[in-house]
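A.B. asks: Once you've had a glance at the structure underneath, I'll fire off some questions.
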Amino acid sequence: MRVEIWSDVICPWCYIGKRQFERALDGFAHRDRVEVAYRAFQLDPSYPSGKTEDVADMLAGKYGMTRDQAVEMNRQMEERAAGVGLEYHLDGGQVGNTADAHRLVRLAGVQSGQGVQDAVVEALYKAHFTDGRSIFDHDSLVGVAAEAGLDPEAARATLASGEFTAEVDADQREAQRLGATGVPFFVVDRRYGVSGAQPAEAFAQVLDRAWSDAGT
């Protein structure tokens with residue numbers, strides 16, 4: 001059974017959704033026969049490469065609220081994350097273009113397989129939401145990905161060459177074709193879609209249904 005996860009590494013709901021899905025998968029009797037692949041979805045693909053912005057300022061501008069309201073929104077998100085065992089530190093966090101991060105996620109899947117790809121995704125989330133590390137410049141990206149098991153020279157070469165740019169763009173179009181208007185977006189065997197950071201129980205029900213319908 002194949003599960004594809006469209007997400008963005010600066011999406012706070014996506015990290016929460018990842019953790020909830022993992023809880024469901026841990027309790028799934030056939031988890032050793034589930035392939036998980038991460039697909040790219042940029043919340044703002046038009047964001048200029050190399051530019052970053054304070055997350056509270058971004059939220060205030062996007063939703064027409066004051067900066068204090070945006071800071072409170074971040075505080076509430078930190079509480080939600082804590083509810084699933086994640087530690088968010090959003091004060092002073094930055095947002096920017098995530099195409100390069102997604103290209104490294106794709107490289108990890110092609111070069112090293114599911115385990116390293118998942119580790120790279122996890123490392124990018126942790127770097128951004130917990131540790132306050134940049135995931136927008138090449139040196140920092142290579143360091144984070146290497147710590148997760150990706151070959152640093154291959155990572156640096158990929159970032160310098162523009163490799164996997166077309167695949168990242170194609171992932172975005174595919175998500176839209178499948179009806180995704182936001183992320184996280186989970187697709188099981190191209191038969192079932194789950195939108196949003198649902199409770200682990202919801203993911204468990206979909207996994208059971210998909211397995212039963214497949215008649216495996």
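Labels used: A, B, ... for chains in the order of the structure tokens, numbers from 1 for residues in each chain, and numbers from 1 for ligands as shown.
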Return as an NGL selection string the full set of residues in stretch 44-199 of chain A whose backbone-based DSSP assignment is alpha helix (DSSP H).
C.D. replies: :A and (55-63 or 67-82 or 99-112 or 114-125 or 138-147 or 152-161 or 165-177)
A.B. asks: Please identify all polymer residues within 7 Å of A:Pro184, counting only C-alpha atoms, omitting same-chain residues fewer than 5 positions from it, and present them as a list in words.
C.D. replies: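 Using only C-alpha atoms, the neighbours found are Ile5, Trp6, Ser7, Trp13, Cys14, Gly17, Ser195, Gly196 and Ala197 of chain A.
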A.B. asks: Could you write out the selected residues, including all heavy atoms, as a tab-separated table (two decimals), in the first residue's frame?
C.D. replies:
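The resulting again-v8.tsv:
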```
chain	number	residue	atom	x	y	z
A	5	ILE	N	2.26	11.86	0.67
A	5	ILE	CA	1.97	12.98	1.57
A	5	ILE	C	2.46	14.27	0.93
A	5	ILE	O	3.66	14.48	0.75
A	5	ILE	CB	2.66	12.78	2.94
A	5	ILE	CG1	2.25	11.44	3.57
A	5	ILE	CG2	2.31	13.94	3.87
A	5	ILE	CD1	3.00	11.12	4.85
A	6	TRP	N	1.51	15.12	0.56
A	6	TRP	CA	1.85	16.45	0.07
A	6	TRP	C	1.94	17.38	1.28
A	6	TRP	O	1.01	17.44	2.10
A	6	TRP	CB	0.79	16.95	-0.89
A	6	TRP	CG	1.02	16.56	-2.31
A	6	TRP	CD1	1.65	17.28	-3.29
A	6	TRP	CD2	0.60	15.34	-2.97
A	6	TRP	NE1	1.67	16.60	-4.48
A	6	TRP	CE2	1.02	15.40	-4.30
A	6	TRP	CE3	-0.07	14.20	-2.52
A	6	TRP	CZ2	0.78	14.38	-5.22
A	6	TRP	CZ3	-0.31	13.19	-3.41
A	6	TRP	CH2	0.11	13.28	-4.75
A	7	SER	N	3.04	18.10	1.39
A	7	SER	CA	3.23	18.96	2.55
A	7	SER	C	4.27	20.03	2.23
A	7	SER	O	4.96	19.96	1.22
A	7	SER	CB	3.70	18.13	3.76
A	7	SER	OG	4.90	17.41	3.44
A	13	TRP	N	0.91	22.94	10.45
A	13	TRP	CA	-0.07	21.86	10.48
A	13	TRP	C	0.49	20.58	9.85
A	13	TRP	O	0.09	19.47	10.21
A	13	TRP	CB	-1.35	22.27	9.76
A	13	TRP	CG	-2.17	23.26	10.52
A	13	TRP	CD1	-2.37	24.58	10.21
A	13	TRP	CD2	-2.92	23.02	11.72
A	13	TRP	NE1	-3.18	25.17	11.15
A	13	TRP	CE2	-3.54	24.25	12.08
A	13	TRP	CE3	-3.12	21.90	12.52
A	13	TRP	CZ2	-4.34	24.37	13.21
A	13	TRP	CZ3	-3.92	22.02	13.65
A	13	TRP	CH2	-4.52	23.24	13.97
A	14	CYS	N	1.42	20.72	8.91
A	14	CYS	CA	1.97	19.55	8.24
A	14	CYS	C	2.81	18.70	9.19
A	14	CYS	O	2.77	17.47	9.13
A	14	CYS	CB	2.81	19.98	7.04
A	14	CYS	SG	1.84	20.69	5.68
A	17	GLY	N	0.38	16.95	11.35
A	17	GLY	CA	-0.24	15.87	10.58
A	17	GLY	C	0.69	14.69	10.40
A	17	GLY	O	0.26	13.53	10.45
A	195	SER	N	-7.47	15.18	4.06
A	195	SER	CA	-6.99	16.56	4.07
A	195	SER	C	-6.86	17.07	5.49
A	195	SER	O	-7.76	16.89	6.31
A	195	SER	CB	-7.96	17.44	3.27
A	195	SER	OG	-7.52	18.78	3.24
A	196	GLY	N	-5.73	17.70	5.78
A	196	GLY	CA	-5.54	18.33	7.08
A	196	GLY	C	-4.87	17.42	8.09
A	196	GLY	O	-4.65	16.23	7.87
A	197	ALA	N	-4.53	18.01	9.23
A	197	ALA	CA	-3.87	17.29	10.32
A	197	ALA	C	-4.93	16.59	11.17
A	197	ALA	O	-5.26	17.01	12.28
A	197	ALA	CB	-3.05	18.25	11.17
```
A.B. asks: Nearest to A:Ala170: which of A:Arg80, A:Arg23, A:Lys126, A:His102 is it, counting only C-alpha atoms?
C.D. replies: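 Looking only at the distances to A:Ala170, the closest residue turns out to be A:His102.
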A.B. asks: Taking the chain letters and numbering used in this document, name the residues of stretch 37-214 of chain A that DSSP puts in strand (DSSP E or B), as number ranges by chain.
C.D. replies: A: 37-40, 52-54, 94-96, 185-188, 192-195
A.B. asks: Using only C-alpha atoms for the distances, tell me which of A:Gly193, A:Pro199, A:Gly96, A:Pro152 is nearest to A:Asp44.
C.D. replies: A:Gly96
A.B. asks: Can you work out which one of A:Arg190, A:Ala29, A:Val121, A:Ala70 has the shortest atom-to-atom distance to A:Ala175, counting only C-alpha atoms?
C.D. replies: A:Arg190
A.B. asks: To one decimal place in Å, what is the distance between atom CA of A:Glu87 and atom CA of A:Phe21?
C.D. replies: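 Straight-line distance from atom CA of A:Glu87 to atom CA of A:Phe21 works out to 17.3 Å.
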A.B. asks: Please provide as a PyMOL selection string all residues within 12 Å of A:Glu22, with the sequence filter that same-chain residues fewer than 6 positions apart are discarded (counting only C-alpha atoms).
C.D. replies: chain A and resi 3+5+15-16+28+31+34+36+84+118+122+197-204+207
A.B. asks: Filtering to C-alpha atoms, could you give me those residues as a PDB file, in the first residue's frame?
C.D. replies:
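Final file, again-v4.pdb:
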```pdb
ATOM      1  CA  VAL A   3       0.727   6.646   0.928  1.00  0.00           C
ATOM      2  CA  ILE A   5       1.975  12.977   1.571  1.00  0.00           C
ATOM      3  CA  TYR A  15       4.378  18.599  11.033  1.00  0.00           C
ATOM      4  CA  ILE A  16       1.426  17.921  13.319  1.00  0.00           C
ATOM      5  CA  PHE A  28      -1.439  -0.531  11.770  1.00  0.00           C
ATOM      6  CA  ARG A  31       2.710  -1.168   8.520  1.00  0.00           C
ATOM      7  CA  VAL A  34       3.160   0.490   3.587  1.00  0.00           C
ATOM      8  CA  VAL A  36       5.345   6.354   2.270  1.00  0.00           C
ATOM      9  CA  VAL A  84       1.012  15.793  19.917  1.00  0.00           C
ATOM     10  CA  ASP A 118      11.456  10.520   6.043  1.00  0.00           C
ATOM     11  CA  GLU A 122      11.667  15.208   9.983  1.00  0.00           C
ATOM     12  CA  ALA A 197      -3.873  17.294  10.322  1.00  0.00           C
ATOM     13  CA  GLN A 198      -6.536  14.777  11.285  1.00  0.00           C
ATOM     14  CA  PRO A 199      -6.492  12.789  14.544  1.00  0.00           C
ATOM     15  CA  ALA A 200      -4.561   9.533  14.474  1.00  0.00           C
ATOM     16  CA  GLU A 201      -7.863   7.641  14.657  1.00  0.00           C
ATOM     17  CA  ALA A 202      -9.000   9.125  11.345  1.00  0.00           C
ATOM     18  CA  PHE A 203      -5.802   8.026   9.632  1.00  0.00           C
ATOM     19  CA  ALA A 204      -6.136   4.571  11.151  1.00  0.00           C
ATOM     20  CA  LEU A 207      -5.533   2.730   6.383  1.00  0.00           C
TER      21      LEU A 207
END
```
A.B. asks: A:Gln76: which residues within 12 Å, counting only C-alpha atoms, same-chain residues fewer than 6 positions away excluded, as a list in words?
C.D. replies: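 What passes the distance filter is Pro12, Gln69, Ala70, Ala82, Gly83, Tyr88, His89, Leu90 and Asp91 of chain A.
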A.B. asks: Take the residues from that selection and write them out as a PDB file, in the first residue's frame, keeping C-alpha atoms.
C.D. replies:
```pdb
ATOM      1  CA  PRO A  12       2.986  24.016  11.098  1.00  0.00           C
ATOM      2  CA  GLN A  69      -2.758  38.951  17.040  1.00  0.00           C
ATOM      3  CA  ALA A  70      -0.326  37.056  14.838  1.00  0.00           C
ATOM      4  CA  ALA A  82       2.692  20.331  22.255  1.00  0.00           C
ATOM      5  CA  GLY A  83      -0.526  18.319  22.336  1.00  0.00           C
ATOM      6  CA  TYR A  88       7.480  24.597  18.488  1.00  0.00           C
ATOM      7  CA  HIS A  89       9.339  27.871  18.997  1.00  0.00           C
ATOM      8  CA  LEU A  90       7.670  30.266  16.583  1.00  0.00           C
ATOM      9  CA  ASP A  91       8.686  33.604  18.068  1.00  0.00           C
TER      10      ASP A  91
END
```
A.B. asks: For stretch 160-169 of chain A, find every residue with an atom within 8 Å (counting only C-alpha atoms), except residues of its own chain fewer than 6 positions away, and show them as a list in words.
C.D. replies: Arg39, Ala40, Phe41, Ala99, His102, Arg103, Arg106 and Leu107 of chain A
A.B. asks: Would you mind reading off the distance between atom CA of A:Asn74 and atom CA of A:Asp137, one decimal, in Å?
C.D. replies: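 One can read the atom CA of A:Asn74 to atom CA of A:Asp137 distance as 23.6 Å.
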A.B. asks: Mind pulling up the distance from atom CA of A:Met73 to atom CA of A:Ala60?
C.D. replies: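 Computing the Euclidean distance for atom CA of A:Ala60 and atom CA of A:Met73 yields 9.8 Å.
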